[in-house]
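Engineer: Please find data.csv (CSV, C-alpha atoms) on the next line:
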```
chain,number,residue,atom,x,y,z
N,1,MET,CA,53.9,30.4,-42.3
N,2,SER,CA,53.8,26.6,-41.8
N,3,ASP,CA,51.3,24.8,-39.7
N,4,VAL,CA,54.0,24.0,-37.1
N,5,GLU,CA,54.9,27.7,-36.8
N,6,ALA,CA,51.3,28.7,-36.6
N,7,ALA,CA,50.6,26.2,-33.8
N,8,ALA,CA,53.7,27.4,-31.9
N,9,THR,CA,52.5,31.0,-32.1
N,10,ARG,CA,48.8,30.2,-31.3
N,11,PRO,CA,48.0,31.1,-27.7
N,12,LYS,CA,47.6,28.1,-25.4
N,13,ARG,CA,44.2,27.3,-23.9
N,14,VAL,CA,44.2,28.2,-20.2
N,15,ARG,CA,42.4,25.6,-18.2
N,16,LYS,CA,40.3,26.8,-15.3
N,17,PHE,CA,42.6,25.2,-12.8
N,18,ASP,CA,45.5,27.3,-14.1
N,19,ARG,CA,43.6,30.5,-13.9
N,20,PRO,CA,44.2,32.8,-10.9
N,21,ARG,CA,41.4,32.9,-8.3
N,22,PRO,CA,38.9,35.6,-9.0
N,23,PRO,CA,38.5,38.3,-6.5
N,24,HIS,CA,35.8,37.8,-3.8
N,25,ASP,CA,33.7,40.7,-5.0
N,26,TRP,CA,29.9,40.9,-5.5
N,27,ARG,CA,30.2,39.0,-8.8
N,28,TRP,CA,31.9,36.1,-7.0
N,29,TRP,CA,29.1,36.0,-4.4
N,30,VAL,CA,26.3,36.2,-7.0
N,31,GLY,CA,28.0,33.4,-9.0
N,32,GLY,CA,28.2,31.3,-5.9
N,33,VAL,CA,24.6,31.8,-5.1
N,34,GLY,CA,23.6,30.9,-8.6
N,35,LYS,CA,25.6,27.7,-8.6
N,36,THR,CA,24.1,26.8,-5.2
N,37,LEU,CA,20.6,27.3,-6.6
N,38,ILE,CA,21.3,25.2,-9.7
N,39,ALA,CA,22.7,22.4,-7.6
N,40,THR,CA,19.7,22.6,-5.2
N,41,GLY,CA,17.3,22.5,-8.2
N,42,LEU,CA,19.0,19.5,-9.6
N,43,LEU,CA,18.8,17.7,-6.2
N,44,LEU,CA,15.1,18.5,-6.0
N,45,PHE,CA,14.4,17.2,-9.5
N,46,GLY,CA,16.4,14.1,-8.5
N,47,PHE,CA,14.3,13.7,-5.3
N,48,VAL,CA,11.1,14.0,-7.3
N,49,ALA,CA,12.3,11.3,-9.6
N,50,TYR,CA,13.2,9.1,-6.6
N,51,GLN,CA,9.7,9.7,-5.2
N,52,LEU,CA,7.9,8.7,-8.4
N,53,TRP,CA,10.2,5.8,-9.5
N,54,GLY,CA,12.9,5.1,-7.0
N,55,THR,CA,10.5,4.2,-4.3
N,56,GLY,CA,9.0,1.6,-6.7
N,57,ILE,CA,12.3,-0.2,-6.7
N,58,GLU,CA,12.1,-0.8,-3.0
N,59,THR,CA,8.4,-2.0,-3.3
N,60,ALA,CA,9.2,-4.3,-6.2
N,61,ARG,CA,11.9,-6.0,-4.3
N,62,ALA,CA,9.6,-6.4,-1.3
N,63,GLN,CA,6.7,-7.7,-3.5
N,64,ASN,CA,9.0,-10.4,-5.0
N,65,SER,CA,9.9,-11.7,-1.5
N,66,LEU,CA,6.3,-11.4,-0.3
N,67,GLU,CA,4.9,-13.3,-3.3
N,68,ASN,CA,7.2,-16.3,-2.6
N,69,ASP,CA,6.2,-16.2,1.1
N,70,PHE,CA,2.5,-16.1,0.3
N,71,GLU,CA,2.8,-18.9,-2.3
N,72,GLU,CA,4.4,-21.1,0.4
N,73,LEU,CA,1.5,-20.2,2.8
N,74,LEU,CA,-1.1,-21.1,0.2
N,75,ALA,CA,0.7,-24.4,-0.6
N,76,GLY,CA,0.3,-25.5,3.0
N,77,THR,CA,-3.4,-24.5,3.3
N,78,PRO,CA,-6.2,-26.8,2.0
N,79,PRO,CA,-8.6,-25.3,-0.5
N,80,THR,CA,-12.0,-24.0,0.5
N,81,THR,CA,-15.2,-25.1,-1.3
N,82,ALA,CA,-17.0,-22.4,-3.2
N,83,ALA,CA,-20.4,-21.3,-2.2
N,84,PRO,CA,-23.2,-23.3,-3.8
N,85,VAL,CA,-25.6,-22.0,-6.5
N,86,VAL,CA,-29.1,-23.3,-6.1
N,87,THR,CA,-31.4,-23.5,-9.1
N,88,THR,CA,-35.1,-23.0,-8.4
N,89,PRO,CA,-38.0,-22.8,-10.8
N,90,ALA,CA,-39.4,-19.3,-11.3
N,91,GLU,CA,-43.0,-18.6,-10.3
N,92,SER,CA,-45.5,-19.0,-13.2
N,93,ASN,CA,-47.6,-16.0,-14.2
N,94,PRO,CA,-51.2,-17.2,-14.6
N,95,ALA,CA,-51.7,-14.9,-17.6
N,96,ASP,CA,-48.6,-16.4,-19.3
N,97,THR,CA,-49.2,-19.6,-21.2
N,98,THR,CA,-45.5,-20.3,-21.7
N,99,PRO,CA,-43.8,-22.7,-19.2
N,100,ALA,CA,-41.7,-21.2,-16.5
N,101,GLU,CA,-37.9,-21.4,-17.0
N,102,SER,CA,-35.4,-22.4,-14.5
N,103,ILE,CA,-33.6,-19.3,-13.2
N,104,PRO,CA,-30.4,-19.6,-11.2
N,105,VAL,CA,-30.8,-18.1,-7.8
N,106,THR,CA,-27.8,-17.6,-5.5
N,107,ALA,CA,-28.2,-19.1,-2.1
N,108,PRO,CA,-27.1,-17.0,0.9
N,109,PRO,CA,-23.4,-17.4,1.6
N,110,GLU,CA,-22.9,-20.4,3.9
N,111,PRO,CA,-20.5,-19.6,6.7
N,112,VAL,CA,-17.6,-21.9,7.0
N,113,PRO,CA,-14.9,-22.2,9.7
N,114,VAL,CA,-11.6,-20.8,8.8
N,115,ALA,CA,-8.3,-22.5,9.5
N,116,SER,CA,-6.3,-21.0,12.3
N,117,LEU,CA,-4.1,-18.2,11.0
N,118,PRO,CA,-0.3,-18.7,11.4
N,119,PRO,CA,1.3,-16.0,13.6
N,120,VAL,CA,0.9,-12.7,11.7
N,121,ALA,CA,3.1,-9.7,12.3
N,122,GLU,CA,2.7,-6.3,10.6
N,123,GLY,CA,4.3,-6.4,7.2
N,124,ASP,CA,3.6,-10.1,6.6
N,125,PRO,CA,1.8,-11.3,3.5
N,126,ILE,CA,-1.9,-12.1,4.1
N,127,ALA,CA,-3.6,-11.9,0.7
N,128,ARG,CA,-3.3,-11.2,-3.0
N,129,ILE,CA,-5.4,-8.5,-4.5
N,130,GLU,CA,-6.1,-8.3,-8.3
N,131,LEU,CA,-7.9,-5.4,-10.0
N,132,PRO,CA,-8.2,-6.6,-13.6
N,133,ARG,CA,-9.7,-3.3,-14.8
N,134,ILE,CA,-6.6,-1.3,-14.0
N,135,GLY,CA,-4.0,-4.1,-14.2
N,136,VAL,CA,-3.1,-4.4,-10.5
N,137,ASP,CA,-1.8,-7.7,-9.0
N,138,LYS,CA,-0.2,-7.2,-5.6
N,139,ILE,CA,0.4,-9.0,-2.4
N,140,VAL,CA,-1.4,-7.4,0.6
N,141,VAL,CA,0.5,-7.1,3.9
N,142,ALA,CA,-0.8,-6.9,7.4
N,143,GLY,CA,-1.0,-3.4,8.8
N,144,VAL,CA,-1.1,0.2,7.4
N,145,GLU,CA,1.9,1.6,9.1
N,146,LYS,CA,4.4,3.6,7.0
N,147,ASP,CA,6.8,0.7,6.7
N,148,ASP,CA,4.0,-1.7,5.9
N,149,LEU,CA,2.7,0.4,2.9
N,150,LYS,CA,6.2,0.6,1.5
N,151,LYS,CA,5.9,-3.1,0.7
N,152,GLY,CA,2.5,-2.9,-1.0
N,153,PRO,CA,-1.2,-2.5,-0.2
N,154,GLY,CA,-1.9,-2.9,3.6
N,155,HIS,CA,-4.9,-4.4,5.4
N,156,TYR,CA,-6.4,-2.4,8.3
N,157,PRO,CA,-5.9,-4.7,11.3
N,158,GLU,CA,-9.1,-3.4,13.0
N,159,THR,CA,-11.3,-4.7,10.1
N,160,PRO,CA,-12.1,-8.3,9.2
N,161,LEU,CA,-10.0,-10.2,6.7
N,162,PRO,CA,-11.2,-10.4,3.1
N,163,GLY,CA,-13.6,-13.3,2.7
N,164,GLN,CA,-15.1,-12.8,6.2
N,165,LEU,CA,-18.4,-11.2,7.1
N,166,GLY,CA,-18.0,-7.5,7.8
N,167,ASN,CA,-16.2,-4.7,6.0
N,168,ALA,CA,-12.6,-5.6,5.1
N,169,ALA,CA,-10.5,-2.5,4.3
N,170,ILE,CA,-7.2,-2.2,2.4
N,171,ALA,CA,-5.1,0.9,1.9
N,172,GLY,CA,-2.5,1.6,-0.8
N,173,HIS,CA,-0.3,4.4,-2.1
N,174,ARG,CA,-1.4,6.2,-5.2
N,175,THR,CA,1.8,7.9,-6.4
N,176,THR,CA,4.8,6.4,-4.6
N,177,PHE,CA,6.1,3.0,-3.6
N,178,GLY,CA,4.9,1.2,-6.7
N,179,GLN,CA,1.6,3.3,-6.8
N,180,PRO,CA,-0.6,0.2,-6.6
N,181,PHE,CA,-3.8,2.3,-6.4
N,182,PHE,CA,-2.8,4.9,-9.0
N,183,ASP,CA,-5.9,4.3,-11.1
N,184,VAL,CA,-8.5,3.2,-8.6
N,185,ASP,CA,-10.6,6.2,-9.7
N,186,LYS,CA,-11.1,4.3,-13.0
N,187,LEU,CA,-12.9,1.4,-11.3
N,188,ASP,CA,-16.6,1.3,-12.4
N,189,VAL,CA,-19.6,-0.2,-10.7
N,190,GLY,CA,-19.6,-4.0,-11.4
N,191,ASP,CA,-15.8,-4.2,-11.9
N,192,GLU,CA,-14.1,-7.2,-10.2
N,193,ILE,CA,-11.8,-7.0,-7.2
N,194,ILE,CA,-10.3,-10.5,-6.7
N,195,VAL,CA,-8.8,-11.2,-3.3
N,196,THR,CA,-7.1,-14.5,-2.6
N,197,THR,CA,-6.5,-15.5,1.1
N,198,LEU,CA,-5.6,-18.6,3.0
N,199,ALA,CA,-9.4,-19.3,3.2
N,200,GLY,CA,-10.0,-19.2,-0.5
N,201,ARG,CA,-10.5,-16.9,-3.5
N,202,TYR,CA,-13.1,-14.1,-3.2
N,203,VAL,CA,-14.6,-12.0,-5.9
N,204,TYR,CA,-16.0,-8.6,-5.0
N,205,ARG,CA,-18.0,-6.3,-7.3
N,206,VAL,CA,-17.5,-2.5,-7.1
N,207,THR,CA,-20.6,-0.8,-5.9
N,208,GLY,CA,-19.4,2.8,-5.9
N,209,GLN,CA,-16.8,5.3,-4.9
N,210,GLN,CA,-16.7,8.4,-2.6
N,211,ILE,CA,-14.3,11.2,-1.8
N,212,VAL,CA,-14.0,11.9,1.9
N,213,SER,CA,-11.8,13.9,4.3
N,214,PRO,CA,-8.7,12.2,5.9
N,215,SER,CA,-10.5,11.9,9.2
N,216,ASP,CA,-13.6,10.1,8.0
N,217,TYR,CA,-12.6,6.7,9.4
N,218,GLN,CA,-16.2,5.5,9.5
N,219,VAL,CA,-16.0,4.5,5.8
N,220,ILE,CA,-14.0,1.4,6.9
N,221,SER,CA,-16.3,0.4,9.8
N,222,THR,CA,-18.7,-2.5,9.5
N,223,THR,CA,-22.3,-1.2,9.1
N,224,ASP,CA,-24.0,-4.5,8.2
N,225,PRO,CA,-22.3,-7.5,9.9
N,226,THR,CA,-24.4,-9.9,7.8
N,227,LYS,CA,-22.7,-8.9,4.5
N,228,ALA,CA,-19.1,-9.4,3.3
N,229,THR,CA,-17.9,-6.1,1.9
N,230,LEU,CA,-14.5,-4.6,0.9
N,231,THR,CA,-13.3,-1.0,1.0
N,232,LEU,CA,-10.2,0.3,-0.7
N,233,THR,CA,-8.7,3.6,0.5
N,234,SER,CA,-6.0,5.9,-1.0
N,235,CYS,CA,-5.1,9.5,-1.3
N,236,HIS,CA,-6.9,12.0,-3.5
N,237,PRO,CA,-6.3,13.8,-5.8
N,238,LYS,CA,-3.2,12.2,-7.2
N,239,TYR,CA,0.1,13.6,-5.9
N,240,THR,CA,-1.6,15.1,-2.9
N,241,ALA,CA,-3.2,14.0,0.4
N,242,ARG,CA,-5.9,16.6,0.7
N,243,GLU,CA,-8.6,14.0,0.6
N,244,ARG,CA,-9.2,10.2,0.5
N,245,ILE,CA,-10.8,8.2,-2.4
N,246,ILE,CA,-12.9,5.3,-1.2
N,247,ILE,CA,-13.9,2.3,-3.3
N,248,PHE,CA,-16.8,0.2,-2.0
N,249,ALA,CA,-17.4,-3.4,-3.1
N,250,GLU,CA,-19.6,-6.3,-2.1
N,251,LEU,CA,-18.8,-10.0,-2.3
N,252,ASP,CA,-20.1,-12.0,-5.3
N,253,ALA,CA,-21.0,-15.2,-3.5
N,254,THR,CA,-21.5,-17.2,-6.7
N,255,ALA,CA,-17.9,-16.7,-7.7
N,256,SER,CA,-16.3,-16.9,-4.3
N,257,ALA,CA,-15.2,-19.5,-1.7
N,258,GLY,CA,-17.3,-20.0,1.4
N,259,VAL,CA,-17.7,-16.9,3.6
N,260,VAL,CA,-16.2,-17.0,7.1
N,261,ALA,CA,-18.9,-16.0,9.5
N,262,GLU,CA,-16.8,-14.9,12.4
N,263,PRO,CA,-14.3,-12.1,11.5
N,264,THR,CA,-10.7,-12.3,12.7
N,265,ILE,CA,-9.9,-8.8,14.1
N,266,ASN,CA,-6.2,-7.8,14.5
N,267,TYR,CA,-5.2,-11.2,13.3
N,268,GLY,CA,-6.4,-12.9,16.5
N,269,ARG,CA,-4.6,-10.6,18.8
N,270,PRO,CA,-6.5,-8.3,21.3
N,271,LEU,CA,-6.8,-4.7,20.2
N,272,ASP,CA,-6.1,-3.8,23.8
N,273,GLU,CA,-3.0,-5.6,24.9
N,274,SER,CA,-4.2,-5.7,28.5
N,275,GLU,CA,-7.1,-8.0,27.4
N,276,PRO,CA,-6.5,-11.7,26.9
N,277,ALA,CA,-6.8,-12.9,23.3
N,278,ASP,CA,-9.8,-15.0,22.3
N,279,PRO,CA,-8.5,-18.6,22.2
N,280,ASP,CA,-10.7,-19.4,19.2
N,281,PRO,CA,-11.7,-16.1,17.5
N,282,THR,CA,-12.9,-17.9,14.3
N,283,ASN,CA,-15.4,-20.3,15.8
N,284,THR,CA,-17.8,-18.2,17.9
N,285,VAL,CA,-21.0,-16.3,17.5
N,286,VAL,CA,-22.8,-13.8,19.7
N,287,ASP,CA,-26.4,-13.9,20.8
N,288,PRO,CA,-27.4,-10.2,20.8
N,289,GLU,CA,-30.3,-10.8,23.3
N,290,THR,CA,-28.3,-12.6,25.9
N,291,SER,CA,-24.8,-11.2,25.0
N,292,THR,CA,-23.4,-14.7,25.5
N,293,VAL,CA,-20.9,-16.4,23.3
N,294,ALA,CA,-21.9,-19.7,21.8
N,295,GLU,CA,-20.0,-22.1,19.6
N,296,ALA,CA,-20.8,-21.7,15.9
N,297,SER,CA,-22.1,-24.6,14.0
N,298,PRO,CA,-20.9,-24.8,10.4
N,299,ALA,CA,-24.3,-26.2,9.4
N,300,THR,CA,-26.3,-23.2,10.8
N,301,SER,CA,-26.1,-20.0,8.7
N,302,ILE,CA,-27.1,-16.6,9.7
N,303,ALA,CA,-30.0,-16.6,7.3
N,304,GLU,CA,-31.4,-19.7,9.0
N,305,ASP,CA,-31.0,-18.3,12.5
N,306,PRO,CA,-31.3,-14.5,12.6
N,307,THR,CA,-30.6,-14.4,16.4
N,308,LEU,CA,-27.0,-15.1,15.6
N,309,THR,CA,-24.7,-12.4,14.4
N,310,ALA,CA,-21.3,-13.0,12.9
N,311,ASN,CA,-19.8,-9.9,14.4
N,312,PRO,CA,-20.0,-8.4,17.9
N,313,GLU,CA,-21.1,-4.8,18.1
N,314,PRO,CA,-19.3,-3.0,15.2
N,315,LEU,CA,-16.7,-0.5,16.2
N,316,ASP,CA,-17.9,3.1,16.2
N,317,GLU,CA,-16.0,6.0,14.5
N,318,GLU,CA,-14.2,7.0,17.7
N,319,GLN,CA,-12.9,3.4,18.3
N,320,ILE,CA,-11.9,3.1,14.6
N,321,SER,CA,-9.9,6.4,14.7
N,322,ASP,CA,-8.3,5.5,18.0
N,323,GLY,CA,-7.2,2.1,16.8
N,324,ILE,CA,-6.0,2.7,13.3
N,325,ALA,CA,-2.4,3.8,12.8
N,326,ASP,CA,-3.2,5.3,9.4
N,327,ALA,CA,0.1,6.0,7.7
N,328,PHE,CA,-1.6,8.5,5.4
N,329,SER,CA,-2.4,10.8,8.3
N,330,GLU,CA,1.2,11.1,9.6
N,331,GLY,CA,2.8,14.5,9.2
N,332,TRP,CA,6.3,16.1,8.7
N,333,PHE,CA,9.2,14.6,10.5
N,334,SER,CA,7.1,11.6,11.5
N,335,ASP,CA,10.3,9.4,11.7
N,336,PRO,CA,12.8,11.3,13.8
N,337,GLY,CA,15.1,8.3,13.7
N,338,ALA,CA,16.0,9.3,10.2
N,339,ASN,CA,17.7,12.5,11.3
N,340,SER,CA,21.1,10.9,12.0
N,341,GLN,CA,20.9,8.9,8.7
N,342,VAL,CA,20.2,12.0,6.7
N,343,LEU,CA,23.2,13.7,8.3
N,344,LEU,CA,25.4,10.7,7.7
N,345,TRP,CA,24.6,10.2,4.0
N,346,GLY,CA,24.7,14.0,3.5
N,347,LEU,CA,28.2,14.1,4.8
N,348,LEU,CA,29.2,11.2,2.6
N,349,LEU,CA,27.8,13.1,-0.4
N,350,ALA,CA,29.8,16.2,0.5
N,351,ALA,CA,32.9,14.0,0.9
N,352,ILE,CA,32.5,12.4,-2.5
N,353,GLY,CA,32.1,15.9,-4.1
N,354,VAL,CA,35.2,17.2,-2.4
N,355,VAL,CA,37.3,14.2,-3.4
N,356,SER,CA,36.1,14.4,-7.0
N,357,TYR,CA,37.0,18.1,-7.2
N,358,LEU,CA,40.5,17.5,-5.7
N,359,LEU,CA,41.1,14.7,-8.2
N,360,SER,CA,40.0,16.9,-11.1
N,361,LYS,CA,42.2,19.7,-9.9
N,362,LYS,CA,45.2,17.5,-9.5
N,363,ALA,CA,44.8,16.0,-13.0
N,364,LYS,CA,43.7,19.4,-14.4
N,365,ARG,CA,40.9,17.6,-16.1
N,366,ASP,CA,37.2,17.9,-15.1
N,367,TRP,CA,36.2,14.5,-16.4
N,368,VAL,CA,38.7,12.7,-14.1
N,369,GLY,CA,36.7,13.6,-10.9
N,370,LEU,CA,33.4,13.0,-12.7
N,371,LEU,CA,34.5,9.5,-13.8
N,372,VAL,CA,35.7,8.5,-10.4
N,373,GLY,CA,32.9,10.0,-8.4
N,374,ILE,CA,29.7,9.5,-10.4
N,375,VAL,CA,29.0,5.9,-9.4
N,376,PRO,CA,29.5,6.3,-5.6
N,377,PHE,CA,27.7,9.6,-5.7
N,378,VAL,CA,24.6,8.1,-7.3
N,379,ILE,CA,24.6,5.2,-4.8
N,380,VAL,CA,25.0,7.5,-1.8
N,381,LEU,CA,22.5,9.9,-3.2
N,382,TYR,CA,19.9,7.1,-3.4
N,383,PHE,CA,20.3,6.3,0.3
N,384,PHE,CA,20.3,10.0,1.1
N,385,PHE,CA,16.9,10.4,-0.7
N,386,GLN,CA,15.6,7.3,1.0
N,387,ASN,CA,16.2,8.7,4.5
N,388,VAL,CA,15.0,12.2,3.6
N,389,ASN,CA,11.8,10.5,2.4
N,390,ARG,CA,11.4,9.1,6.0
N,391,LEU,CA,11.1,12.7,7.3
N,392,LEU,CA,8.3,13.6,4.9
N,393,PRO,CA,4.6,12.8,5.2
N,394,PRO,CA,4.1,9.4,3.5
N,395,ASN,CA,1.5,10.8,1.1
N,396,LEU,CA,4.0,13.1,-0.6
```
Just give me the structure as structure tokens.
Structural biologist:
Amino acid sequence: MSDVEAAATRPKRVRKFDRPRPPHDWRWWVGGVGKTLIATGLLLFGFVAYQLWGTGIETARAQNSLENDFEELLAGTPPTTAAPVVTTPAESNPADTTPAESIPVTAPPEPVPVASLPPVAEGDPIARIELPRIGVDKIVVAGVEKDDLKKGPGHYPETPLPGQLGNAAIAGHRTTFGQPFFDVDKLDVGDEIIVTTLAGRYVYRVTGQQIVSPSDYQVISTTDPTKATLTLTSCHPKYTARERIIIFAELDATASAGVVAEPTINYGRPLDESEPADPDPTNTVVDPETSTVAEASPATSIAEDPTLTANPEPLDEEQISDGIADAFSEGWFSDPGANSQVLLWGLLLAAIGVVSYLLSKKAKRDWVGLLVGIVPFVIVLYFFFQNVNRLLPPNL
């Protein structure tokens, strides 16, 4: 038998679209449930991938824009002189016949006035933070709301700005949205944290870390208003929000610009909108004995006049917890405005799936629907995941 005859007598392959519909018995239902579970599993894997890497795309785009905006702000701000280093001779030991050597001694940080801040809104760039030990270089935005932290590390408005006396606090995601603080647990005592603001460049040294509960807001409060400190907060352990990891650091005055004595809280706006804003929040000090506000003199430091304090009474834990909109503490369905968007993009996904199936059925080729629908399906799926993510706690 020739090849032509053999091919003519060979049974033709029956494509699935030419097959009769199977009966809707238990096997059909079990098969349908299995396919549904497989599709759901693939979507869940896709959503996990979006959480770990897709959210970073959004943050990277925001960081590029923020970096340009921050560079423009820096270009329009005059530089600040670094704190001086004073060299004094060491005291001689009478029993030691060798001459005393000159040992550099760091003078107390001299307070300097800070230039008036431009109008700051939540999400605006206010600083650059660098963590050389773990390779972090990010723009810090104002605020710690959910949308703020999508752009990068966020500054707690109720704390001083970096480079000011008091405890400046910055929060950042650890596993999503670019995961800027993914490896903060690897910071050791003495490691540098470099923060550049409109007032200058400030170098902090890590002094320790602590694991606390999500409600322990006192870790970001100012306990010593005569020191410039920095606190970093993030979720702990990785991929969960069960606890918070806290990194403490103190300013290295020898490597930093002049310290701003009077902290700027909430970017110069009143914490209570019913109260008038301080017309000049960066140039006043408080006499604790008389509780009167006096004009600060740049030539007089706190070390020279201990009756002056650079900060009014520090906020207590209750005030801190009441004032902070900590995005890490938000729960499920914290953004109900996403419900309609999830429904809309979900319907579009279903429509693309139906159209792709109909095209494959008409052409009797599976690859036809796949070829036509794959690109729009992936694009719509991205926006579907983006809006589903709005319904989840931001720490997931």
Engineer: Mind checking which residues fall within 10 Å of Gly353 (chain N), counting all atoms listed in the file, ignoring those fewer than 6 positions away in the same chain, and posting them as a VMD selection string?
Structural biologist: chain N and resid 347 359 369 to 370 373 to 374 377
Engineer: For CA of Val372 (chain N) and CA of Ser360 (chain N), determine how far apart the two atoms are, in Å to one decimal place.
Structural biologist: 9.5 Å
Engineer: Taking (-21.8, -13.1, 4.7) in the coordinates of the supplied file, I want to know which residues reach to within 6 Å of it, counting all atoms listed in the file; could you give the answer as a VMD selection string?
Structural biologist: chain N and resid 109 165 226 to 228 259
Engineer: Around the point (12.8, 6.4, 4.6) in the file's coordinates, collect all residues with an atom within 10 Å, using all atoms listed in the file, and return them as a ChimeraX atom specification.
Structural biologist: /N:55,146-147,150,335,337-338,341-342,383-392,394
Engineer: Within 10 Å of region 117-132 of chain N, which residues of region 159-263 of chain N come that close, and what is the closest atom pair and distance in Å for each? Count only C-alpha atoms and give it as JSON lines.
Structural biologist:
```
{"residue": "N:Leu161", "atom": "CA", "partner": "N:Ile126", "partner_atom": "CA", "distance": 8.7}
{"residue": "N:Pro162", "atom": "CA", "partner": "N:Ala127", "partner_atom": "CA", "distance": 8.1}
{"residue": "N:Ile170", "atom": "CA", "partner": "N:Ile129", "partner_atom": "CA", "distance": 9.5}
{"residue": "N:Pro180", "atom": "CA", "partner": "N:Leu131", "partner_atom": "CA", "distance": 9.8}
{"residue": "N:Phe181", "atom": "CA", "partner": "N:Leu131", "partner_atom": "CA", "distance": 9.4}
{"residue": "N:Asp183", "atom": "CA", "partner": "N:Leu131", "partner_atom": "CA", "distance": 10.0}
{"residue": "N:Val184", "atom": "CA", "partner": "N:Leu131", "partner_atom": "CA", "distance": 8.7}
{"residue": "N:Leu187", "atom": "CA", "partner": "N:Leu131", "partner_atom": "CA", "distance": 8.5}
{"residue": "N:Asp191", "atom": "CA", "partner": "N:Pro132", "partner_atom": "CA", "distance": 8.1}
{"residue": "N:Glu192", "atom": "CA", "partner": "N:Leu131", "partner_atom": "CA", "distance": 6.5}
{"residue": "N:Ile193", "atom": "CA", "partner": "N:Leu131", "partner_atom": "CA", "distance": 5.1}
{"residue": "N:Ile194", "atom": "CA", "partner": "N:Glu130", "partner_atom": "CA", "distance": 5.0}
{"residue": "N:Val195", "atom": "CA", "partner": "N:Ile129", "partner_atom": "CA", "distance": 4.5}
{"residue": "N:Thr196", "atom": "CA", "partner": "N:Arg128", "partner_atom": "CA", "distance": 5.0}
{"residue": "N:Thr197", "atom": "CA", "partner": "N:Ala127", "partner_atom": "CA", "distance": 4.6}
{"residue": "N:Leu198", "atom": "CA", "partner": "N:Ala127", "partner_atom": "CA", "distance": 7.4}
{"residue": "N:Ala199", "atom": "CA", "partner": "N:Leu117", "partner_atom": "CA", "distance": 9.5}
{"residue": "N:Gly200", "atom": "CA", "partner": "N:Ala127", "partner_atom": "CA", "distance": 9.8}
{"residue": "N:Arg201", "atom": "CA", "partner": "N:Arg128", "partner_atom": "CA", "distance": 9.2}
{"residue": "N:Tyr202", "atom": "CA", "partner": "N:Ile129", "partner_atom": "CA", "distance": 9.6}
{"residue": "N:Val203", "atom": "CA", "partner": "N:Glu130", "partner_atom": "CA", "distance": 9.6}
```
Engineer: I need the chosen residues saved as a PDB file, in the coordinates of the input, with C-alpha atoms.
Structural biologist:
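Final file, selection.pdb:
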```pdb
ATOM      1  CA  LEU N 161     -10.000 -10.200   6.700  1.00  0.00           C
ATOM      2  CA  PRO N 162     -11.200 -10.400   3.100  1.00  0.00           C
ATOM      3  CA  ILE N 170      -7.200  -2.200   2.400  1.00  0.00           C
ATOM      4  CA  PRO N 180      -0.600   0.200  -6.600  1.00  0.00           C
ATOM      5  CA  PHE N 181      -3.800   2.300  -6.400  1.00  0.00           C
ATOM      6  CA  ASP N 183      -5.900   4.300 -11.100  1.00  0.00           C
ATOM      7  CA  VAL N 184      -8.500   3.200  -8.600  1.00  0.00           C
ATOM      8  CA  LEU N 187     -12.900   1.400 -11.300  1.00  0.00           C
ATOM      9  CA  ASP N 191     -15.800  -4.200 -11.900  1.00  0.00           C
ATOM     10  CA  GLU N 192     -14.100  -7.200 -10.200  1.00  0.00           C
ATOM     11  CA  ILE N 193     -11.800  -7.000  -7.200  1.00  0.00           C
ATOM     12  CA  ILE N 194     -10.300 -10.500  -6.700  1.00  0.00           C
ATOM     13  CA  VAL N 195      -8.800 -11.200  -3.300  1.00  0.00           C
ATOM     14  CA  THR N 196      -7.100 -14.500  -2.600  1.00  0.00           C
ATOM     15  CA  THR N 197      -6.500 -15.500   1.100  1.00  0.00           C
ATOM     16  CA  LEU N 198      -5.600 -18.600   3.000  1.00  0.00           C
ATOM     17  CA  ALA N 199      -9.400 -19.300   3.200  1.00  0.00           C
ATOM     18  CA  GLY N 200     -10.000 -19.200  -0.500  1.00  0.00           C
ATOM     19  CA  ARG N 201     -10.500 -16.900  -3.500  1.00  0.00           C
ATOM     20  CA  TYR N 202     -13.100 -14.100  -3.200  1.00  0.00           C
ATOM     21  CA  VAL N 203     -14.600 -12.000  -5.900  1.00  0.00           C
TER      22      VAL N 203
END
```
Engineer: What lies within 10 Å of Gly178 (chain N) using only C-alpha atoms, ignoring chain neighbours under 5 positions off, as a compact mmCIF listing (two decimals) with C-alpha atoms, in the frame of the given file?
Structural biologist:
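In the end it all went to part29.txt:
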```txt
# COMPACT_ATOMS: atom_id res chain seq x y z
CA GLN N 51 9.70 9.70 -5.20
CA LEU N 52 7.90 8.70 -8.40
CA TRP N 53 10.20 5.80 -9.50
CA GLY N 54 12.90 5.10 -7.00
CA THR N 55 10.50 4.20 -4.30
CA GLY N 56 9.00 1.60 -6.70
CA ILE N 57 12.30 -0.20 -6.70
CA GLU N 58 12.10 -0.80 -3.00
CA THR N 59 8.40 -2.00 -3.30
CA ALA N 60 9.20 -4.30 -6.20
CA GLN N 63 6.70 -7.70 -3.50
CA LYS N 138 -0.20 -7.20 -5.60
CA LEU N 149 2.70 0.40 2.90
CA LYS N 150 6.20 0.60 1.50
CA LYS N 151 5.90 -3.10 0.70
CA GLY N 152 2.50 -2.90 -1.00
CA PRO N 153 -1.20 -2.50 -0.20
CA GLY N 172 -2.50 1.60 -0.80
CA HIS N 173 -0.30 4.40 -2.10
```
Engineer: Which distance in Å separates CA of Asn64 (chain N) and CA of Thr176 (chain N), to one decimal?
Structural biologist: 17.3 Å
